[in-house]
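K.L.:
Have a peek at start_39.cif (mmCIF, C-alpha atoms and all ligand atoms).
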data_upload
#
loop_
_atom_site.label_atom_id
_atom_site.label_comp_id
_atom_site.auth_asym_id
_atom_site.auth_seq_id
_atom_site.Cartn_x
_atom_site.Cartn_y
_atom_site.Cartn_z
CA MET A 1 -200.71 -2.00 172.39
CA ALA A 2 -199.66 1.53 173.34
CA ALA A 3 -199.96 4.32 170.80
CA VAL A 4 -199.61 8.08 170.66
CA ARG A 5 -202.20 10.46 169.23
CA ALA A 6 -202.87 14.18 169.10
CA PRO A 7 -205.20 15.68 171.72
CA ARG A 8 -208.90 15.32 171.00
CA PRO A 9 -211.17 18.39 170.84
CA GLY A 10 -211.78 19.71 174.32
CA GLN A 11 -208.56 18.24 175.67
CA PRO A 12 -205.73 20.54 176.76
CA ALA A 13 -203.41 21.36 173.88
CA GLY A 14 -199.65 21.35 173.76
CA GLY A 15 -198.88 17.72 174.40
CA ILE A 16 -199.45 14.20 173.18
CA GLU A 17 -201.56 11.48 174.69
CA VAL A 18 -200.73 7.85 175.27
CA PHE A 19 -203.63 5.42 175.04
CA LEU A 20 -204.02 1.67 175.15
CA THR A 21 -206.03 -0.78 173.10
CA LEU A 22 -208.69 -1.85 175.56
CA ARG A 23 -209.88 -5.24 174.36
CA HIS A 24 -208.36 -8.73 174.25
CA LYS A 25 -210.02 -12.09 173.64
CA SER A 26 -209.37 -13.08 177.24
CA PRO A 27 -211.59 -11.09 179.68
CA ALA A 28 -208.92 -11.41 182.40
CA ILE A 29 -206.31 -9.79 180.15
CA THR A 30 -208.80 -7.10 179.10
CA ARG A 31 -209.36 -6.31 182.82
CA GLU A 32 -205.59 -6.13 183.34
CA ILE A 33 -205.18 -3.81 180.34
CA ARG A 34 -207.92 -1.53 181.64
CA ARG A 35 -206.28 -1.40 185.06
CA SER A 36 -203.01 -0.52 183.32
CA LYS A 37 -204.77 2.23 181.38
CA LEU A 38 -205.98 3.77 184.63
CA PHE A 39 -202.45 3.53 186.01
CA PHE A 40 -200.97 5.15 182.91
CA GLU A 41 -203.53 7.94 182.94
CA ARG A 42 -202.78 8.76 186.56
CA TRP A 43 -199.07 8.30 186.37
CA LEU A 44 -198.09 9.76 183.03
CA PRO A 45 -198.69 13.43 183.87
CA TYR A 46 -195.91 13.13 186.46
CA SER A 47 -193.57 10.96 184.44
CA ALA A 48 -190.40 11.63 182.53
CA PHE A 49 -192.18 11.18 179.18
CA ALA A 50 -193.57 13.96 177.07
CA CYS A 51 -197.31 13.95 177.70
CA THR A 52 -200.32 16.15 178.15
CA ASN A 53 -200.16 17.55 181.66
CA ALA A 54 -202.72 18.95 184.03
CA PHE A 55 -201.92 22.51 182.93
CA GLY A 56 -201.92 21.77 179.23
CA GLY A 57 -198.26 22.77 178.72
CA LYS A 58 -195.40 20.74 177.32
CA THR A 59 -193.51 18.80 179.95
CA MET A 60 -189.82 18.17 180.09
CA LYS A 61 -188.69 16.47 183.23
CA VAL A 62 -186.14 18.63 185.02
CA ASP A 63 -184.60 17.16 188.16
CA PHE A 64 -183.92 19.50 191.04
CA TYR A 65 -180.35 18.30 191.14
CA ARG A 66 -177.97 15.94 189.38
CA HIS A 67 -174.50 15.29 190.72
CA SER A 68 -171.46 15.66 188.53
CA ILE A 69 -169.43 12.65 189.65
CA SER A 70 -168.96 10.43 186.60
CA PRO A 71 -168.95 6.61 186.86
CA ASP A 72 -165.27 6.51 185.88
CA GLN A 73 -164.53 8.02 189.32
CA ALA A 74 -165.12 4.50 190.63
CA LYS A 75 -161.45 3.89 189.80
CA HIS A 76 -160.50 6.07 192.79
CA VAL A 77 -162.62 3.91 195.07
CA ALA A 78 -161.08 0.77 193.55
CA ALA A 79 -157.63 2.18 194.38
CA VAL A 80 -158.67 2.58 198.04
CA LEU A 81 -159.70 -1.06 198.08
CA GLU A 82 -156.09 -1.95 197.25
CA THR A 83 -154.94 -0.34 200.54
CA PRO A 84 -155.34 -1.80 204.05
CA PHE A 85 -157.48 1.10 205.36
CA LEU A 86 -161.02 1.63 204.14
CA THR A 87 -161.55 4.29 206.77
CA THR A 88 -159.57 7.50 207.33
CA GLY A 89 -156.11 7.01 205.89
CA PRO A 90 -153.69 8.27 203.22
CA VAL A 91 -156.34 9.53 200.78
CA SER A 92 -157.90 11.69 203.49
CA ARG A 93 -154.46 13.03 204.38
CA GLN A 94 -153.89 13.95 200.74
CA VAL A 95 -157.25 15.76 200.53
CA GLU A 96 -156.56 17.59 203.77
CA GLN A 97 -153.32 18.88 202.25
CA GLN A 98 -155.25 19.91 199.14
CA LEU A 99 -157.65 21.88 201.38
CA ARG A 100 -154.78 23.55 203.26
CA ASP A 101 -153.32 24.65 199.92
CA PHE A 102 -156.66 25.76 198.49
CA PHE A 103 -157.60 27.91 201.49
CA ASP A 104 -154.04 28.78 202.52
CA VAL A 105 -154.61 27.71 206.13
CA PRO A 106 -152.37 25.67 208.43
CA HIS A 107 -155.03 23.12 209.48
CA ALA A 108 -157.72 21.19 207.61
CA MET A 109 -159.58 18.10 208.76
CA LEU A 110 -162.08 16.02 206.84
CA THR A 111 -165.29 15.05 208.59
CA ASN A 112 -168.10 12.69 207.67
CA SER A 113 -170.59 15.60 207.53
CA TRP A 114 -170.80 19.31 208.26
CA THR A 115 -173.01 18.40 211.21
CA ASN A 116 -170.60 15.99 212.88
CA GLY A 117 -167.71 18.34 212.17
CA ALA A 118 -169.57 21.19 213.86
CA ILE A 119 -170.33 19.02 216.90
CA ALA A 120 -166.64 18.05 217.10
CA LEU A 121 -165.68 21.72 216.83
CA LEU A 122 -168.12 22.88 219.53
CA LEU A 123 -166.92 20.09 221.84
CA ALA A 124 -163.30 21.05 221.14
CA ALA A 125 -164.11 24.67 222.01
CA ASP A 126 -165.74 23.40 225.22
CA ILE A 127 -169.07 25.02 224.35
CA GLY A 128 -171.98 23.49 226.23
CA PRO A 129 -174.70 24.13 228.82
CA GLY A 130 -174.93 27.77 229.92
CA ASP A 131 -173.22 29.01 226.75
CA GLU A 132 -174.96 30.94 223.98
CA VAL A 133 -174.27 30.66 220.27
CA ILE A 134 -175.65 33.19 217.77
CA VAL A 135 -177.21 31.69 214.63
CA PRO A 136 -179.14 33.32 211.77
CA ALA A 137 -182.87 32.54 211.75
CA MET A 138 -182.68 31.80 208.00
CA THR A 139 -180.48 28.75 207.57
CA PHE A 140 -180.69 24.99 207.34
CA VAL A 141 -181.73 23.57 210.70
CA ALA A 142 -178.34 21.86 211.14
CA THR A 143 -176.70 25.18 212.06
CA ALA A 144 -178.92 25.49 215.13
CA ASN A 145 -179.23 21.77 215.85
CA VAL A 146 -175.52 21.36 216.55
CA VAL A 147 -175.71 24.09 219.19
CA GLU A 148 -178.60 22.26 220.83
CA MET A 149 -176.82 18.91 220.52
CA VAL A 150 -173.97 20.10 222.74
CA GLY A 151 -176.45 21.52 225.27
CA ALA A 152 -175.79 25.20 224.52
CA THR A 153 -178.48 27.83 223.85
CA THR A 154 -179.28 28.99 220.31
CA VAL A 155 -179.76 32.75 220.02
CA PHE A 156 -181.36 33.62 216.68
CA VAL A 157 -180.91 36.86 214.78
CA ASP A 158 -182.84 38.02 211.74
CA VAL A 159 -181.19 38.42 208.33
CA ASP A 160 -180.77 41.07 205.66
CA PRO A 161 -183.88 41.36 203.43
CA ASP A 162 -181.85 41.62 200.21
CA THR A 163 -179.19 38.94 200.71
CA LEU A 164 -180.79 36.82 203.48
CA LEU A 165 -177.40 36.86 205.23
CA MET A 166 -176.73 37.55 208.91
CA ARG A 167 -175.74 41.20 209.46
CA PRO A 168 -172.72 41.82 211.71
CA GLU A 169 -174.53 44.59 213.64
CA ASP A 170 -177.48 42.28 214.41
CA ALA A 171 -175.10 39.61 215.70
CA ALA A 172 -173.32 42.19 217.87
CA ARG A 173 -176.65 43.32 219.35
CA ALA A 174 -177.45 39.74 220.40
CA VAL A 175 -174.21 39.34 222.40
CA THR A 176 -174.53 38.70 226.14
CA ASP A 177 -172.04 37.73 228.83
CA ASN A 178 -172.76 34.09 227.92
CA THR A 179 -172.04 34.39 224.20
CA ARG A 180 -169.27 32.00 223.19
CA ALA A 181 -169.60 31.78 219.40
CA VAL A 182 -171.34 33.05 216.27
CA PHE A 183 -172.22 30.97 213.20
CA PRO A 184 -172.36 33.27 210.15
CA VAL A 185 -173.95 31.23 207.33
CA HIS A 186 -172.86 31.88 203.73
CA LEU A 187 -176.39 31.20 202.55
CA TYR A 188 -177.03 30.15 198.95
CA GLY A 189 -173.37 30.82 198.06
CA GLN A 190 -172.81 34.44 199.14
CA MET A 191 -170.59 35.23 202.09
CA VAL A 192 -171.30 37.05 205.32
CA ASP A 193 -168.68 39.74 205.90
CA THR A 194 -166.72 37.97 208.65
CA GLU A 195 -164.14 40.75 208.81
CA ALA A 196 -166.92 43.24 209.58
CA LEU A 197 -168.41 40.72 212.03
CA ARG A 198 -165.10 40.56 213.90
CA GLU A 199 -165.09 44.38 214.10
CA ALA A 200 -168.73 44.52 215.21
CA LEU A 201 -168.07 42.04 218.04
CA ARG A 202 -165.24 44.16 219.52
CA PRO A 203 -164.16 44.36 222.27
CA ARG A 204 -165.36 40.74 222.70
CA ASP A 205 -162.42 39.10 220.93
CA ASP A 206 -163.10 35.94 222.93
CA ILE A 207 -166.22 35.21 220.86
CA LEU A 208 -165.43 32.51 218.31
CA ILE A 209 -166.55 32.91 214.71
CA PHE A 210 -167.39 29.61 213.04
CA GLU A 211 -168.34 30.05 209.38
CA ASP A 212 -171.04 27.78 208.01
CA CYS A 213 -169.73 27.29 204.46
CA ALA A 214 -172.06 24.43 203.53
CA HIS A 215 -173.27 26.55 200.57
CA CYS A 216 -170.01 28.21 199.72
CA PHE A 217 -166.79 26.35 199.08
CA GLU A 218 -165.33 28.49 196.32
CA GLY A 219 -166.90 31.91 196.92
CA ARG A 220 -164.94 35.01 197.86
CA LEU A 221 -165.66 38.30 199.57
CA HIS A 222 -163.28 41.25 199.25
CA GLY A 223 -161.07 38.82 197.35
CA ARG A 224 -160.77 36.39 200.27
CA LEU A 225 -161.97 32.80 200.58
CA SER A 226 -163.70 31.41 203.66
CA GLY A 227 -161.52 30.95 206.69
CA ALA A 228 -159.62 34.23 206.27
CA HIS A 229 -161.16 36.05 209.26
CA SER A 230 -162.80 33.33 211.32
CA ASP A 231 -161.72 30.87 213.99
CA ALA A 232 -162.93 27.98 211.86
CA ALA A 233 -164.81 27.39 208.63
CA LEU A 234 -166.95 24.30 208.15
CA PHE A 235 -167.85 22.72 204.81
CA SER A 236 -170.35 20.11 203.71
CA PHE A 237 -169.65 17.61 200.94
CA TYR A 238 -173.23 16.32 201.05
CA ALA A 239 -174.60 14.92 197.78
CA THR A 240 -175.92 18.21 196.38
CA LYS A 241 -173.11 20.53 197.45
CA ASN A 242 -170.77 22.32 195.05
CA VAL A 243 -168.02 19.94 196.19
CA ALA A 244 -169.62 16.59 196.95
CA CYS A 245 -168.78 13.01 197.84
CA GLY A 246 -172.22 11.80 199.00
CA GLU A 247 -171.77 12.61 202.67
CA GLY A 248 -168.80 14.46 204.07
CA GLY A 249 -167.39 17.72 205.28
CA ALA A 250 -164.28 19.56 206.42
CA ILE A 251 -163.08 22.02 209.03
CA ILE A 252 -160.32 24.50 208.28
CA LEU A 253 -158.72 26.58 210.99
CA HIS A 254 -155.69 28.60 212.02
CA ASP A 255 -155.18 27.86 215.69
CA GLY A 256 -153.00 24.80 216.34
CA GLU A 257 -154.34 24.17 219.82
CA LEU A 258 -157.97 24.19 218.69
CA ALA A 259 -157.00 22.02 215.70
CA SER A 260 -155.43 19.34 217.88
CA LYS A 261 -158.52 19.33 220.12
CA VAL A 262 -160.76 18.87 217.04
CA GLN A 263 -158.45 16.08 215.91
CA ARG A 264 -159.53 14.24 219.07
CA THR A 265 -163.19 15.28 219.35
CA ARG A 266 -163.56 14.12 215.75
CA LEU A 267 -162.77 10.59 216.97
CA HIS A 268 -164.38 9.91 220.36
CA GLY A 269 -161.73 12.04 222.11
CA MET A 270 -159.12 9.34 221.44
CA SER A 271 -155.49 10.40 221.40
CA ALA A 272 -154.67 8.24 218.34
CA GLY A 273 -156.73 7.20 215.33
CA ALA A 274 -156.55 3.77 213.66
CA VAL A 275 -153.69 4.65 211.30
CA ASP A 276 -151.66 6.40 214.05
CA ARG A 277 -151.92 3.41 216.36
CA PHE A 278 -149.79 1.33 213.98
CA LYS A 279 -147.57 4.10 212.64
CA THR A 280 -144.41 3.31 214.60
CA GLY A 281 -144.54 -0.43 214.00
CA SER A 282 -145.36 -1.18 217.63
CA TYR A 283 -148.85 -0.76 219.04
CA ALA A 284 -149.50 2.69 220.56
CA HIS A 285 -152.09 2.81 223.34
CA TRP A 286 -154.55 5.66 223.22
CA ASP A 287 -156.28 7.58 225.98
CA VAL A 288 -159.35 9.82 226.26
CA ASP A 289 -159.29 13.01 228.27
CA ALA A 290 -162.44 14.66 226.88
CA LEU A 291 -165.41 13.15 225.08
CA GLY A 292 -165.72 13.39 221.35
CA THR A 293 -167.98 12.23 218.57
CA LYS A 294 -167.31 10.04 215.50
CA ALA A 295 -166.81 12.48 212.66
CA ASN A 296 -163.94 11.12 210.56
CA LEU A 297 -164.41 10.63 206.81
CA PRO A 298 -163.51 7.24 205.31
CA ASP A 299 -161.03 7.15 202.41
CA LEU A 300 -163.70 5.39 200.35
CA LEU A 301 -165.59 8.69 200.16
CA ALA A 302 -162.58 11.02 200.37
CA ALA A 303 -161.43 9.41 197.10
CA PHE A 304 -163.97 11.51 195.16
CA LEU A 305 -162.77 14.83 196.55
CA PRO A 306 -159.46 15.59 194.74
CA ASP A 307 -161.24 15.89 191.37
CA GLN A 308 -164.25 17.60 192.91
CA ILE A 309 -162.02 20.27 194.43
CA SER A 310 -159.81 20.81 191.40
CA GLY A 311 -162.87 21.12 189.12
CA VAL A 312 -164.87 23.46 191.34
CA TYR A 313 -164.27 26.66 189.34
CA ASP A 314 -165.11 24.97 186.03
CA ARG A 315 -168.42 23.89 187.49
CA LEU A 316 -168.96 27.36 188.98
CA GLU A 317 -168.84 28.85 185.45
CA LYS A 318 -171.79 26.66 184.54
CA ARG A 319 -173.67 27.43 187.74
CA ARG A 320 -173.15 31.14 187.17
CA ALA A 321 -174.47 31.02 183.59
CA ILE A 322 -177.64 29.26 184.75
CA ALA A 323 -178.16 31.65 187.69
CA GLN A 324 -177.71 34.64 185.38
CA GLY A 325 -180.17 33.15 182.92
CA TYR A 326 -182.79 32.74 185.63
CA ALA A 327 -182.14 36.23 187.04
CA GLU A 328 -182.54 37.82 183.62
CA ALA A 329 -185.68 35.82 182.90
CA PHE A 330 -187.35 36.95 186.14
CA ALA A 331 -186.09 40.56 186.05
CA GLY A 332 -189.35 41.85 184.55
CA SER A 333 -191.72 39.94 186.82
CA ASN A 334 -193.35 41.62 189.79
CA LEU A 335 -194.38 38.22 191.18
CA VAL A 336 -190.91 36.68 191.45
CA ARG A 337 -188.24 38.10 193.73
CA CYS A 338 -184.60 36.98 193.55
CA VAL A 339 -181.81 37.32 196.11
CA LYS A 340 -179.59 40.36 195.46
CA ASP A 341 -175.99 39.72 194.49
CA ILE A 342 -173.31 41.38 196.60
CA PRO A 343 -171.36 43.65 194.24
CA GLY A 344 -167.75 42.59 193.69
CA ALA A 345 -168.15 39.27 195.53
CA LEU A 346 -167.66 35.84 193.99
CA HIS A 347 -170.98 34.04 194.44
CA ALA A 348 -170.80 30.23 194.69
CA HIS A 349 -174.35 29.93 193.24
CA HIS A 350 -175.13 26.86 195.30
CA LEU A 351 -178.90 27.32 195.07
CA PHE A 352 -181.28 29.52 193.09
CA PRO A 353 -184.04 30.50 195.48
CA ILE A 354 -186.86 32.83 194.51
CA ALA A 355 -189.78 34.24 196.48
CA VAL A 356 -193.37 34.35 195.23
CA PRO A 357 -196.39 35.68 197.15
CA ALA A 358 -196.61 33.58 200.33
CA ASN A 359 -200.18 32.42 199.64
CA LYS A 360 -199.02 31.05 196.26
CA ARG A 361 -195.78 29.34 197.32
CA ASP A 362 -197.17 25.86 197.84
CA PHE A 363 -199.33 26.17 194.72
CA THR A 364 -196.16 27.03 192.78
CA LEU A 365 -194.25 24.07 194.22
CA ASN A 366 -197.05 21.68 193.33
CA ALA A 367 -197.56 23.17 189.87
CA LEU A 368 -193.84 22.77 189.14
CA ALA A 369 -194.02 19.17 190.32
CA GLN A 370 -196.95 18.54 187.99
CA HIS A 371 -194.86 19.92 185.15
CA GLY A 372 -192.13 17.43 186.07
CA ILE A 373 -189.86 20.15 187.51
CA GLY A 374 -188.11 19.49 190.82
CA ALA A 375 -188.24 22.35 193.33
CA THR A 376 -187.74 22.53 197.06
CA VAL A 377 -187.78 24.98 199.98
CA ASN A 378 -184.52 26.39 201.34
CA TYR A 379 -185.68 27.12 204.03
CA ARG A 380 -188.52 27.82 206.41
CA GLY A 381 -187.07 29.95 209.23
CA VAL A 382 -185.56 27.76 211.95
CA PRO A 383 -187.26 29.56 214.92
CA VAL A 384 -190.72 28.61 213.57
CA LEU A 385 -189.90 24.89 213.47
CA ARG A 386 -191.70 23.10 216.27
CA TYR A 387 -188.72 22.16 218.47
CA TYR A 388 -187.49 25.76 218.48
CA ARG A 389 -190.99 27.26 218.79
CA GLU A 390 -191.73 25.12 221.81
CA LYS A 391 -188.33 25.42 223.45
CA TYR A 392 -187.80 29.16 222.97
CA GLY A 393 -191.41 30.35 222.60
CA HIS A 394 -190.74 31.97 219.20
CA THR A 395 -193.83 32.91 217.23
CA PRO A 396 -194.12 33.76 213.52
CA GLY A 397 -193.14 37.41 213.08
CA ASP A 398 -190.39 37.42 215.73
CA PHE A 399 -187.85 37.39 212.90
CA PRO A 400 -189.83 39.22 210.22
CA VAL A 401 -187.40 38.89 207.29
CA SER A 402 -186.63 35.24 207.91
CA ASP A 403 -190.29 34.39 208.58
CA SER A 404 -191.64 36.06 205.48
CA TRP A 405 -188.87 34.73 203.21
CA GLY A 406 -189.37 31.26 204.72
CA ALA A 407 -193.08 31.41 203.86
CA SER A 408 -192.58 32.53 200.28
CA THR A 409 -189.36 30.97 199.01
CA LEU A 410 -188.71 27.99 196.79
CA SER A 411 -185.55 26.87 195.01
CA LEU A 412 -185.35 26.08 191.30
CA PRO A 413 -183.20 23.39 189.69
CA LEU A 414 -179.54 24.36 189.38
CA TYR A 415 -176.63 22.04 188.70
CA PRO A 416 -173.57 22.28 186.48
CA GLY A 417 -174.69 19.67 183.95
CA MET A 418 -178.04 21.39 183.35
CA GLU A 419 -178.76 22.05 179.68
CA ASP A 420 -179.74 25.59 178.64
CA ALA A 421 -183.03 24.20 177.34
CA ALA A 422 -183.78 22.86 180.82
CA TRP A 423 -183.39 26.10 182.79
CA ARG A 424 -185.16 28.03 180.02
CA HIS A 425 -188.02 25.54 180.25
CA VAL A 426 -188.19 26.04 184.05
CA ALA A 427 -188.27 29.85 183.68
CA ASP A 428 -190.84 29.71 180.85
CA THR A 429 -193.05 27.29 182.74
CA LEU A 430 -193.09 29.59 185.73
CA LEU A 431 -193.60 32.79 183.78
CA LYS A 432 -196.02 31.54 181.14
CA ASP A 433 -197.88 28.64 182.72
CA ILE A 434 -197.85 29.07 186.50
CA LEU A 435 -197.67 32.77 187.42
CA PRO A 436 -200.67 33.66 185.17
CA ARG A 437 -202.74 31.25 187.28
CA PHE A 438 -202.08 33.19 190.53
C1 LIG A 501 -176.45 25.83 205.60
C2 LIG A 501 -176.18 24.39 205.95
N1 LIG A 501 -175.51 24.11 207.08
C3 LIG A 501 -175.24 22.85 207.43
C4 LIG A 501 -175.64 21.78 206.66
C5 LIG A 501 -175.38 20.38 207.13
O1 LIG A 501 -174.51 19.71 206.27
P1 LIG A 501 -174.32 18.12 206.38
O2 LIG A 501 -175.46 17.47 205.70
O3 LIG A 501 -173.02 17.85 205.66
O4 LIG A 501 -174.25 17.80 207.81
C6 LIG A 501 -176.32 22.02 205.47
C7 LIG A 501 -176.74 20.88 204.65
O5 LIG A 501 -177.51 20.95 203.74
C8 LIG A 501 -176.61 23.35 205.11
O6 LIG A 501 -177.29 23.62 203.99
#
Do you think you could lay out the structure here as structure tokens?
P.N.:
Amino acid sequence: MAAVRAPRPGQPAGGIEVFLTLRHKSPAITREIRRSKLFFERWLPYSAFACTNAFGGKTMKVDFYRHSISPDQAKHVAAVLETPFLTTGPVSRQVEQQLRDFFDVPHAMLTNSWTNGAIALLLAADIGPGDEVIVPAMTFVATANVVEMVGATTVFVDVDPDTLLMRPEDAARAVTDNTRAVFPVHLYGQMVDTEALREALRPRDDILIFEDCAHCFEGRLHGRLSGAHSDAALFSFYATKNVACGEGGAIILHDGELASKVQRTRLHGMSAGAVDRFKTGSYAHWDVDALGTKANLPDLLAAFLPDQISGVYDRLEKRRAIAQGYAEAFAGSNLVRCVKDIPGALHAHHLFPIAVPANKRDFTLNALAQHGIGATVNYRGVPVLRYYREKYGHTPGDFPVSDSWGASTLSLPLYPGMEDAAWRHVADTLLKDILPRF
């Protein structure tokens, strides 16, 4: 019924065509077949199969992201099912120890997302109405949303045009009497210089530095991992992150007092979690002296993390090779701009964003989609999103670097299991099929 044939004269070259025999002795079946043909014709250009596409090039479906947790990891979940606690319990404790060792910090707590961890942290630091928190304009909206969620005021600063990272001097300029914290964001995998940020904020040593490490688990700056110079560093183990368990996160920190407050704000403000209540053999009552959220990670998900953490540098090798391949491929193009690498730093290569002329960004996204290549936008500047525009009266151009990057950026597929042929195909498609159509 279905067959494959070479393109007919006048049809775009470079692919193959699927067609259907259109007649059957039953008219009803013939009608059905014809409907199917229409469906196939409309659907195939976007499908995973090799086919002639709207641009006439060869298609190879390339997903934006594929996780690297193999099905045999299910054994770790099965082991949790053997224990009495599905929620936060011994596996989480073990991972928290692994994090303390990895980052060489005295305190680490797992959370069920970066977002809930950040809310728990802000509550623990007693940041709320009347307080200001400095956030880069170019970040995922979560960084600002958590500030709003606790009733504090988000103060945006623009970012560096080469690295898209918050600059310490810009953060220092935004400080007022009400400033309580700064969220440097290690965007795309490169780290903000938190040591320089600490210096720039002097003499305001009371201002807390909370690193947003959602994009950077394993990166280093001046030889140091996240958490070295900040009051807390927050991670995301969301599905696409370099260390992932579907949904999850962690907070690492140095100060014992802040850590024990987060311990409570991570669980409604309760003085004892489920495991602790039964620890001594007799029931321990709990109390609440300050409100908290529900941010603890269940062992069912924590079970994926030991292998994810121990394998992070092996996967980084693969990420780096792909990122270098893209960077070299685009080096000669005056239509594609890449983020500059910080010399001497260890880049976590979480994403590979590029910028194209702003009036061609959406065209590029759609053209990639038509070629079966997943791409996304990381990110439009937060101040231009409606909630922030309306609340703070920001208009496009207030944060020129963030606004123009946000209008022209898109991220290309990048994941450790990506074949060389796949990233080469993405680069070739852009350079040979899409950019010439600008
Ligand atoms: C920079 C940044 N911060 C925070 C978050 C929020 O992380 P989560 O989804 O774990 O809450 C993300 C998630 O993508 C992010 O990219």
K.L.:
Wanna dump the range 303-350 of chain A-range 204-226 of chain A contacts at 6 Å for me, each residue with its shortest atom pair and the distance in Å to one decimal, counting all atoms listed in the file, ordered by chain and number, as CSV?
P.N.:
residue,atom,partner,partner_atom,distance
A:Ala345,CA,A:Leu221,CA,4.8
A:Leu346,CA,A:Arg220,CA,4.8
A:His347,CA,A:Gly219,CA,5.2
A:Ala348,CA,A:Gly219,CA,4.8
A:His350,CA,A:His215,CA,5.6
K.L.:
Would you mind exporting C-alpha atoms of the selected residues as a PDB file, in the coordinates of the input?
P.N.:
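To be explicit, this is the file written out as selection20.pdb:
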ATOM      1  CA  ALA A 345    -168.150  39.270 195.530  1.00  0.00           C
ATOM      2  CA  LEU A 346    -167.660  35.840 193.990  1.00  0.00           C
ATOM      3  CA  HIS A 347    -170.980  34.040 194.440  1.00  0.00           C
ATOM      4  CA  ALA A 348    -170.800  30.230 194.690  1.00  0.00           C
ATOM      5  CA  HIS A 350    -175.130  26.860 195.300  1.00  0.00           C
TER       6      HIS A 350
END
K.L.:
Which residue, A:Gln98, A:Asn242, A:Ser68, A:Thr163, has the smallest gap to ligand LIG 501 (chain A) when you use all atoms listed in the file?
P.N.:
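The closest residue to ligand LIG 501 (chain A) is A:Asn242.
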K.L.:
Could you list, as JSON, numbers by chain, all the residues within 7 Å of ligand LIG 501 (chain A), counting all atoms listed in the file?
P.N.:
{"A": [113, 114, 115, 116, 139, 140, 142, 143, 185, 187, 212, 213, 214, 215, 236, 237, 238, 247, 248, 249]}
K.L.:
Only C-alpha atoms, please: the residues just picked out, written as a tab-separated table (two decimals), keeping the file's coordinate frame.
P.N.:
chain	number	residue	atom	x	y	z
A	113	SER	CA	-170.59	15.60	207.53
A	114	TRP	CA	-170.80	19.31	208.26
A	115	THR	CA	-173.01	18.40	211.21
A	116	ASN	CA	-170.60	15.99	212.88
A	139	THR	CA	-180.48	28.75	207.57
A	140	PHE	CA	-180.69	24.99	207.34
A	142	ALA	CA	-178.34	21.86	211.14
A	143	THR	CA	-176.70	25.18	212.06
A	185	VAL	CA	-173.95	31.23	207.33
A	187	LEU	CA	-176.39	31.20	202.55
A	212	ASP	CA	-171.04	27.78	208.01
A	213	CYS	CA	-169.73	27.29	204.46
A	214	ALA	CA	-172.06	24.43	203.53
A	215	HIS	CA	-173.27	26.55	200.57
A	236	SER	CA	-170.35	20.11	203.71
A	237	PHE	CA	-169.65	17.61	200.94
A	238	TYR	CA	-173.23	16.32	201.05
A	247	GLU	CA	-171.77	12.61	202.67
A	248	GLY	CA	-168.80	14.46	204.07
A	249	GLY	CA	-167.39	17.72	205.28
K.L.:
For Ile373 in chain A, list every protein, DNA or RNA residue within 6 Å, evaluated using all atoms listed in the file, and leave out those in the same chain fewer than 4 positions away; present the list as a PDB file with C-alpha atoms, keeping the file's coordinate frame.
P.N.:
ATOM      1  CA  LYS A  61    -188.690  16.470 183.230  1.00  0.00           C
ATOM      2  CA  VAL A  62    -186.140  18.630 185.020  1.00  0.00           C
ATOM      3  CA  LEU A 368    -193.840  22.770 189.140  1.00  0.00           C
ATOM      4  CA  ALA A 369    -194.020  19.170 190.320  1.00  0.00           C
TER       5      ALA A 369
END
K.L.:
Figure out the distance between CA of Ala125 in chain A and CA of Val384 in chain A, please, to one decimal in Å.
P.N.:
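The value is 28.2 Å.
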K.L.:
Looking at A:Ala239, A:Val146, A:Leu291, A:Ile134, which one is nearest to Arg266 in chain A, with distances taken over all atoms listed in the file?
P.N.:
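Of A:Ala239, A:Val146, A:Leu291, A:Ile134, the one nearest Arg266 in chain A, counting all atoms listed in the file, is A:Leu291.
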K.L.:
Kindly extract all protein, DNA and RNA residues lying within 12 Å of the coordinates (-195.3, 33.0, 214.9) given in the file, considering only C-alpha atoms, and supply them as a PyMOL selection string.
P.N.:
chain A and resi 381-386+388-390+392-400+402-404+406-407
K.L.:
I need the residues from that last selection saved to file as a tab-separated table (two decimals), in the frame of the given file (with C-alpha atoms), if you can.
P.N.:
chain	number	residue	atom	x	y	z
A	381	GLY	CA	-187.07	29.95	209.23
A	382	VAL	CA	-185.56	27.76	211.95
A	383	PRO	CA	-187.26	29.56	214.92
A	384	VAL	CA	-190.72	28.61	213.57
A	385	LEU	CA	-189.90	24.89	213.47
A	386	ARG	CA	-191.70	23.10	216.27
A	388	TYR	CA	-187.49	25.76	218.48
A	389	ARG	CA	-190.99	27.26	218.79
A	390	GLU	CA	-191.73	25.12	221.81
A	392	TYR	CA	-187.80	29.16	222.97
A	393	GLY	CA	-191.41	30.35	222.60
A	394	HIS	CA	-190.74	31.97	219.20
A	395	THR	CA	-193.83	32.91	217.23
A	396	PRO	CA	-194.12	33.76	213.52
A	397	GLY	CA	-193.14	37.41	213.08
A	398	ASP	CA	-190.39	37.42	215.73
A	399	PHE	CA	-187.85	37.39	212.90
A	400	PRO	CA	-189.83	39.22	210.22
A	402	SER	CA	-186.63	35.24	207.91
A	403	ASP	CA	-190.29	34.39	208.58
A	404	SER	CA	-191.64	36.06	205.48
A	406	GLY	CA	-189.37	31.26	204.72
A	407	ALA	CA	-193.08	31.41	203.86
K.L.:
Report, in Å with one decimal, the straight-line distance from CA of Asn145 in chain A to CA of Val133 in chain A.
P.N.:
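Taking CA of Asn145 in chain A and CA of Val133 in chain A, their separation equals 11.1 Å.
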K.L.:
Near Ala152 in chain A, counting all atoms listed in the file, which residues have an atom at most 8 Å away, once you skip same-chain residues fewer than 4 positions from it, shown as a ChimeraX atom specification?
P.N.:
/A:127-133,147-148
